[in-house]
Amino acid sequence: MASEFDKSKLPSRHVTEGYERAPHRSYYYAMGMSEEEVHRPLVGVATTWNEAAPCNIALARQAQVVKKGVKAGGGSPREFTTITVTDGIAMGHQGMKSSLVSREVIADSVELTMRGHCYDALVGLAGCDKSLPGMMMAMVRLNVPAIFLYGGSILPGKFKGKDVTVVDVFEGVGQVAGGRMSESDLHTLELAACPSAGSCGGQFTANTMAMVSEAIGLALPGSGGPPAAYESRDSYAEWAGRQVMALLKRKIRPRDVVTREALRNACVVVAASGGSTNAGLHLPAIAHECGIKFDLFDVAEIFKQTPYIADLKPGGHYIAKDMYDIGGFPVLMKTLLDGGYLNGDCLTVTGNTIAQNLKDVVFPTDQDVVRPVASPLSPTGGVVGLRGNLAPDGGIVKVAGMHRLQFSGPARCFDSEEACFAAVMAKKYQEGEVLVIRYEGPKGGPGMREMLSTTAAIYGQGMGEKVALITDGRFSGATRGFCIGHVGPEAAVGGPIGLLRDGDIVEIDAEKGTLAVKLTEAELQQRRQAWQPRKSDYQSGTIWKYAQTVGPARAGAVTHPGGAAETHVYADI
């Protein structure tokens, strides 16, 4: 089988070929590999398996099946793992500062493992929110033939006859605080909400980025749909292993797949599904790895032109398993393609185009999880970009399921999430206010925390659309309500959000795409002259190091110059 591949042009020649590499080969023999296996292409099988959360717990098993596929395709699989930080557990405390940083650590550690051992191709499996973009960033950075495989979503829990997800538990905390649920019921709910392995079940960040992986062409069609607990995932895992060898043979690389048009396709599915606002951070970061300029405003422009057609939680009624039951992500993509919203000519890891992959998909008419594009839930996307004198570098809001797209009210300012959460739990806020959480951006946090604990508590108290919340931090894909994240420039670098004072009138219009404060430029300039930068508590370690290099949210909160600055690509060493 090894003779099918020309090792003289593959990275692994540096560790397996020639008498000079006898010491290197001895290590492989120590691990039980045969001479034939050593001289085959070496394929990294990377997972974010760990015991931190249900999102990752099924990945080790799926990796074993990927390895069988790689072997069947003529390669030698080399399994390795990297970290994850699980947002559901990191949420609402200082641990969340590690979350976005982990995306960079995942991408960096996969790069280092691949470079250090000269692997020729990559299959990457991921489950939690940041591990999906982190793995895809590594793929396009390295540019060796690669396939992404999602670990699958969790099955729904049942509480009082209804499907529930972990978000219902977060909102339950607010309901208890507001006297709308008993602690006993909350305990019953927490025991029932997460009944299996898998990532959070709504169209939150993990499922949004899984959908992106298919739309952008890095994942096999349909592979994101089966829940983690389903053994049917094995067929996709085996296919991924075989197919990455076919890509190696055909010399199809990730940057052949991830083009500007492919990024556009990814934005379309996010908007059409009411997906996570975090996609506005991750898609620019993936583009950056390719050397493509594609920022929050490029994303927002596509969102504005896309109908919202998938009725998924948190803004809608259905969960990931419901999407799978009607045919998975390809059903959504098929109606978008037929409606002229997707570019069907984009290449994918099947070796075929999007249009070729979807040609036999039939849109089911006996369901209402996904609407036809001709009768959308709303004519524009479920996610909207905003800009104005309060956000010159933009902001982002999920409007899926919202009834009100304009909001105006006095600011109530907090310089940390903890301060705002304490005020919410004590009900020290008023209907009509705009809660402002600042100094939580990429540099200022550091780490750009998500705010699900706070936003869910607000919703649980029945105040979801009665107040607005803006932050230079982020929101979970599970957040709903008038919650605007990624406001830039962030407070830590002197952005206007750091100049706000209690009582300033903030005006939000998600229809026009504006976020402004009723202050003149002269008033803002006067406050800017009095503003002083502040230090965080993180003055050493990984989070400090991240703060030194991280860029603005608008460009994806990236930490290195990206593909545009490259003098070589790893795949060509």
# chains A, B, ... in the order shown; residues from 1 in each chain; ligands from 1
$ select_by_dssp --residues "range 256-467 of chain A" --states "helix (DSSP H, G or I)" --output "count of residues only"
75
$ closest_atom_pairs --of "range 399-503 of chain A" --to "range 160-176 of chain A" --cutoff "7 Å" --atoms "only C-alpha atoms" --output "JSON lines"
{"residue": "A:Ser453", "atom": "CA", "partner": "A:Phe170", "partner_atom": "CA", "distance": 6.3}
{"residue": "A:Ala456", "atom": "CA", "partner": "A:Glu171", "partner_atom": "CA", "distance": 4.5}
{"residue": "A:Ala457", "atom": "CA", "partner": "A:Gly174", "partner_atom": "CA", "distance": 3.7}
{"residue": "A:Ile458", "atom": "CA", "partner": "A:Gly174", "partner_atom": "CA", "distance": 6.3}
{"residue": "A:Tyr459", "atom": "CA", "partner": "A:Glu171", "partner_atom": "CA", "distance": 6.3}
{"residue": "A:Gly460", "atom": "CA", "partner": "A:Gly174", "partner_atom": "CA", "distance": 4.1}
{"residue": "A:Gln461", "atom": "CA", "partner": "A:Gln175", "partner_atom": "CA", "distance": 5.3}
{"residue": "A:Ala478", "atom": "CA", "partner": "A:Val167", "partner_atom": "CA", "distance": 6.5}
$ closest_atom_pairs --of "range 312-349 of chain A" --to "range 254-261 of chain A" --cutoff "7 Å" --atoms "only C-alpha atoms" --output "JSON lines"
{"residue": "A:Asn343", "atom": "CA", "partner": "A:Glu261", "partner_atom": "CA", "distance": 6.8}
{"residue": "A:Cys346", "atom": "CA", "partner": "A:Val257", "partner_atom": "CA", "distance": 7.0}
{"residue": "A:Leu347", "atom": "CA", "partner": "A:Val257", "partner_atom": "CA", "distance": 5.3}
{"residue": "A:Thr348", "atom": "CA", "partner": "A:Val257", "partner_atom": "CA", "distance": 5.6}
$ closest_residue --among "A:Leu59, A:Tyr570, A:Asn357, A:His39" --to "Gly18 in chain A" --atoms "only C-alpha atoms"
A:His39
$ select_by_dssp --residues "range 233-357 of chain A" --states "strand (DSSP E or B)" --output "compact mmCIF listing (two decimals) with C-alpha atoms, in the first residue's frame"
# COMPACT_ATOMS: atom_id res chain seq x y z
CA TYR A 308 -33.51 32.98 8.94
CA ALA A 310 -34.10 27.02 10.94
CA LEU A 312 -33.64 26.03 16.53
CA TYR A 318 -36.05 22.60 18.14
CA LEU A 347 -14.73 22.36 -3.31
CA THR A 353 -18.31 20.48 -4.82
$ atom_distance --atom1 "CA of Leu296 in chain A" --atom2 "CA of Arg554 in chain A"
5.0 Å
$ residues_around --residues "range 75-80 of chain A" --least-positions-apart "6" --cutoff "7 Å" --atoms "only C-alpha atoms" --output "mmCIF file with all heavy atoms, in the first residue's frame"
data_model
loop_
_atom_site.group_PDB
_atom_site.id
_atom_site.type_symbol
_atom_site.label_atom_id
_atom_site.label_comp_id
_atom_site.auth_asym_id
_atom_site.auth_seq_id
_atom_site.Cartn_x
_atom_site.Cartn_y
_atom_site.Cartn_z
ATOM 1 N N GLU A 37 4.543 -0.273 7.816
ATOM 2 C CA GLU A 37 3.754 0.808 8.419
ATOM 3 C C GLU A 37 4.583 2.074 8.588
ATOM 4 O O GLU A 37 4.089 3.193 8.391
ATOM 5 C CB GLU A 37 3.187 0.354 9.759
ATOM 6 C CG GLU A 37 2.060 -0.651 9.638
ATOM 7 C CD GLU A 37 1.665 -1.256 10.971
ATOM 8 O OE1 GLU A 37 2.536 -1.380 11.870
ATOM 9 O OE2 GLU A 37 0.483 -1.623 11.122
ATOM 10 N N ARG A 40 4.754 4.022 5.350
ATOM 11 C CA ARG A 40 3.513 4.597 4.826
ATOM 12 C C ARG A 40 3.422 6.067 5.250
ATOM 13 O O ARG A 40 4.130 6.508 6.165
ATOM 14 C CB ARG A 40 2.304 3.847 5.387
ATOM 15 C CG ARG A 40 2.116 2.437 4.870
ATOM 16 C CD ARG A 40 0.908 1.813 5.552
ATOM 17 N NE ARG A 40 0.576 0.516 4.984
ATOM 18 C CZ ARG A 40 -0.510 -0.177 5.313
ATOM 19 N NH1 ARG A 40 -1.352 0.288 6.223
ATOM 20 N NH2 ARG A 40 -0.749 -1.352 4.758
ATOM 21 N N PRO A 41 2.521 6.854 4.631
ATOM 22 C CA PRO A 41 2.273 8.211 5.131
ATOM 23 C C PRO A 41 1.809 8.179 6.591
ATOM 24 O O PRO A 41 1.035 7.294 6.985
ATOM 25 C CB PRO A 41 1.162 8.735 4.211
ATOM 26 C CG PRO A 41 1.297 7.928 2.960
ATOM 27 C CD PRO A 41 1.738 6.564 3.407
ATOM 28 N N LEU A 42 2.289 9.107 7.385
ATOM 29 C CA LEU A 42 1.909 9.207 8.789
ATOM 30 C C LEU A 42 0.784 10.236 8.928
ATOM 31 O O LEU A 42 0.934 11.388 8.500
ATOM 32 C CB LEU A 42 3.113 9.619 9.645
ATOM 33 C CG LEU A 42 4.352 8.714 9.560
ATOM 34 C CD1 LEU A 42 5.437 9.218 10.503
ATOM 35 C CD2 LEU A 42 4.005 7.255 9.863
ATOM 36 N N VAL A 43 -0.322 9.810 9.525
ATOM 37 C CA VAL A 43 -1.524 10.649 9.605
ATOM 38 C C VAL A 43 -1.840 10.948 11.064
ATOM 39 O O VAL A 43 -2.102 10.026 11.856
ATOM 40 C CB VAL A 43 -2.728 9.953 8.936
ATOM 41 C CG1 VAL A 43 -3.978 10.828 9.063
ATOM 42 C CG2 VAL A 43 -2.414 9.653 7.474
ATOM 43 N N GLY A 44 -1.802 12.217 11.424
ATOM 44 C CA GLY A 44 -2.207 12.608 12.769
ATOM 45 C C GLY A 44 -3.706 12.447 12.949
ATOM 46 O O GLY A 44 -4.493 12.894 12.107
ATOM 47 N N VAL A 45 -4.106 11.796 14.030
ATOM 48 C CA VAL A 45 -5.527 11.700 14.414
ATOM 49 C C VAL A 45 -5.635 12.417 15.754
ATOM 50 O O VAL A 45 -5.283 11.872 16.806
ATOM 51 C CB VAL A 45 -6.003 10.238 14.503
ATOM 52 C CG1 VAL A 45 -7.468 10.186 14.944
ATOM 53 C CG2 VAL A 45 -5.821 9.530 13.157
ATOM 54 N N ALA A 46 -6.067 13.667 15.689
ATOM 55 C CA ALA A 46 -6.051 14.546 16.864
ATOM 56 C C ALA A 46 -7.440 14.645 17.466
ATOM 57 O O ALA A 46 -8.423 14.857 16.744
ATOM 58 C CB ALA A 46 -5.559 15.940 16.464
ATOM 59 N N THR A 47 -7.528 14.501 18.774
ATOM 60 C CA THR A 47 -8.818 14.683 19.444
ATOM 61 C C THR A 47 -8.656 15.610 20.641
ATOM 62 O O THR A 47 -7.554 15.793 21.166
ATOM 63 C CB THR A 47 -9.410 13.349 19.955
ATOM 64 O OG1 THR A 47 -8.769 12.991 21.188
ATOM 65 C CG2 THR A 47 -9.265 12.232 18.951
ATOM 66 N N LYS A 67 -8.913 5.669 12.829
ATOM 67 C CA LYS A 67 -7.624 4.999 12.604
ATOM 68 C C LYS A 67 -7.782 3.771 11.704
ATOM 69 O O LYS A 67 -6.933 3.499 10.853
ATOM 70 C CB LYS A 67 -7.000 4.628 13.945
ATOM 71 C CG LYS A 67 -6.462 5.842 14.702
ATOM 72 C CD LYS A 67 -6.303 5.602 16.191
ATOM 73 C CE LYS A 67 -5.184 4.664 16.509
ATOM 74 N NZ LYS A 67 -5.003 4.532 17.982
ATOM 75 N N MET A 245 -6.882 9.928 3.175
ATOM 76 C CA MET A 245 -5.852 9.309 2.324
ATOM 77 C C MET A 245 -6.120 9.606 0.843
ATOM 78 O O MET A 245 -5.183 9.812 0.064
ATOM 79 C CB MET A 245 -5.799 7.801 2.564
ATOM 80 C CG MET A 245 -5.464 7.403 3.991
ATOM 81 S SD MET A 245 -3.978 8.209 4.630
ATOM 82 C CE MET A 245 -2.728 7.573 3.521
#
$ closest_residue --among "A:Lys249, A:His288, A:Lys427, A:Lys313" --to "Glu4 in chain A" --atoms "only C-alpha atoms"
A:Lys249
$ residues_around --residues "Ile154 in chain A" --least-positions-apart "3" --cutoff "6 Å" --atoms "only C-alpha atoms" --output "PyMOL selection string"
chain A and resi 196-201+227
